[in-house]
Amino acid sequence: VQLQESGPGLVKPSQTLSLTCTVSGGSITTNSYFWTWIRQPPGKGLEWMGAIAYSGSTYYSPSLKSRTSISRDTSKNQFTLQLSSVTPEDTAVYYCAGEKLSLYKYWGQGTQVTVSS
């Protein structure tokens with residue numbers, strides 16, 4: 001299974017960041033998998049942002065819930081992150097990952113997103 005993030009590398013403050021993760025070699029509807037967005041700001045640790053389950057249910061970090069939306073397109077085997085009202089503090093490397101039974105089995109290579117005017 002391979003994951004690939006795509007989206008703009010530069011977003012202006014107050015705009016909405018939108019990233020897509022394309023999954024190949026496996027289906028995002030496979031039982032028990034959670035498709036996750038994780039980010040790492042410069043000089044900081046990994047931050048779990050949210051996930052969409054194989055069933056389509058969504059889960060969000062409480063600290064980001066008001067600004068985050070995760071959706072999926074099963075016909076394209078993709079899931080998407082939208083983060084609204086971004087600030088420079090949202091500058092980070094964004095990863096998509098596939099998790100099952102608390103193990104992150106699959107990772108994308110990560111994509112740098114910079115928030116700047």
# chains A, B, ... in the order shown; residues from 1 in each chain; ligands from 1
>>> closest_atom_pairs(of="stretch 45-67 of chain A", to="stretch 76-92 of chain A", cutoff="9 Å", atoms="only C-alpha atoms", output="tab-separated table")
residue	atom	partner	partner_atom	distance
A:Gly50	CA	A:Leu81	CA	8.8
A:Ile52	CA	A:Phe79	CA	7.9
A:Leu64	CA	A:Leu83	CA	8.4
A:Ser66	CA	A:Ser84	CA	8.6
A:Arg67	CA	A:Ser84	CA	5.0
>>> write_last_selection(atoms="C-alpha atoms", output="PDB file, in the first residue's frame")
ATOM      1  CA  GLY A  50      -7.816  13.542  12.637  1.00  0.00           C
ATOM      2  CA  ILE A  52     -11.601   8.986   8.607  1.00  0.00           C
ATOM      3  CA  LEU A  64      -8.271  21.441  15.786  1.00  0.00           C
ATOM      4  CA  SER A  66     -13.371  23.613  14.884  1.00  0.00           C
ATOM      5  CA  ARG A  67     -11.136  24.155  11.844  1.00  0.00           C
TER       6      ARG A  67
END
>>> closest_atom_pairs(of="stretch 42-66 of chain A", to="stretch 24-38 of chain A", cutoff="9 Å", atoms="only C-alpha atoms", output="CSV")
residue,atom,partner,partner_atom,distance
A:Leu46,CA,A:Ile38,CA,6.6
A:Glu47,CA,A:Ile38,CA,5.5
A:Trp48,CA,A:Ile38,CA,4.5
A:Met49,CA,A:Ile38,CA,5.4
A:Gly50,CA,A:Trp37,CA,5.6
A:Ala51,CA,A:Thr36,CA,4.1
A:Ile52,CA,A:Trp35,CA,5.2
A:Ala53,CA,A:Phe34,CA,4.3
A:Tyr54,CA,A:Thr29,CA,4.3
A:Ser55,CA,A:Thr29,CA,6.5
A:Gly56,CA,A:Thr29,CA,8.1
>>> atom_distance(atom1="atom CA of A:Arg39", atom2="atom CA of A:Thr22")
16.8 Å
>>> closest_residue(among="A:Val11, A:Leu103, A:Ile70, A:Leu3", to="A:Ser117", atoms="only C-alpha atoms")
A:Val11
>>> closest_residue(among="A:Leu10, A:Val115, A:Val1, A:Leu19", to="A:Gly98", atoms="only C-alpha atoms")
A:Val1
>>> closest_residue(among="A:Ser102, A:Thr114, A:Tyr59, A:Tyr94", to="A:Ser6", atoms="only C-alpha atoms")
A:Tyr94
>>> atom_distance(atom1="atom CA of A:Cys21", atom2="atom CA of A:Lys100")
17.0 Å
>>> atom_distance(atom1="atom CA of A:Gln15", atom2="atom CA of A:Ser116")
10.3 Å
>>> residues_around(residues="A:Gly108", least_positions_apart="3", cutoff="8 Å", atoms="only C-alpha atoms", output="NGL selection string")
:A and (2-5 or 21 or 95-97)
>>> write_last_selection(atoms="N, CA and C atoms", output="short mmCIF file (atom, residue, chain, number, x, y, z; two decimals), in the first residue's frame")
data_model
loop_
_atom_site.label_atom_id
_atom_site.label_comp_id
_atom_site.auth_asym_id
_atom_site.auth_seq_id
_atom_site.Cartn_x
_atom_site.Cartn_y
_atom_site.Cartn_z
N GLN A 2 0.56 2.16 -0.88
CA GLN A 2 1.31 3.41 -0.94
C GLN A 2 0.37 4.60 -0.80
N LEU A 3 0.87 5.61 -0.11
CA LEU A 3 0.10 6.83 0.09
C LEU A 3 0.89 8.01 -0.47
N GLN A 4 0.20 8.95 -1.09
CA GLN A 4 0.84 10.12 -1.65
C GLN A 4 0.01 11.35 -1.38
N GLU A 5 0.62 12.31 -0.68
CA GLU A 5 -0.05 13.58 -0.42
C GLU A 5 0.10 14.51 -1.61
N CYS A 21 -4.84 12.85 -0.07
CA CYS A 21 -4.00 11.66 0.02
C CYS A 21 -4.58 10.60 -0.91
N TYR A 95 1.49 14.77 6.86
CA TYR A 95 1.56 13.37 6.45
C TYR A 95 0.17 12.76 6.45
N CYS A 96 -0.07 11.88 5.49
CA CYS A 96 -1.22 11.01 5.61
C CYS A 96 -0.71 9.61 5.95
N ALA A 97 -1.53 8.88 6.65
CA ALA A 97 -1.10 7.57 7.13
C ALA A 97 -2.30 6.64 7.25
#
>>> select_by_dssp(residues="stretch 39-113 of chain A", states="helix (DSSP H, G or I)", output="list in words")
Lys65, Ser66, Arg67, Pro88, Glu89 and Asp90 of chain A
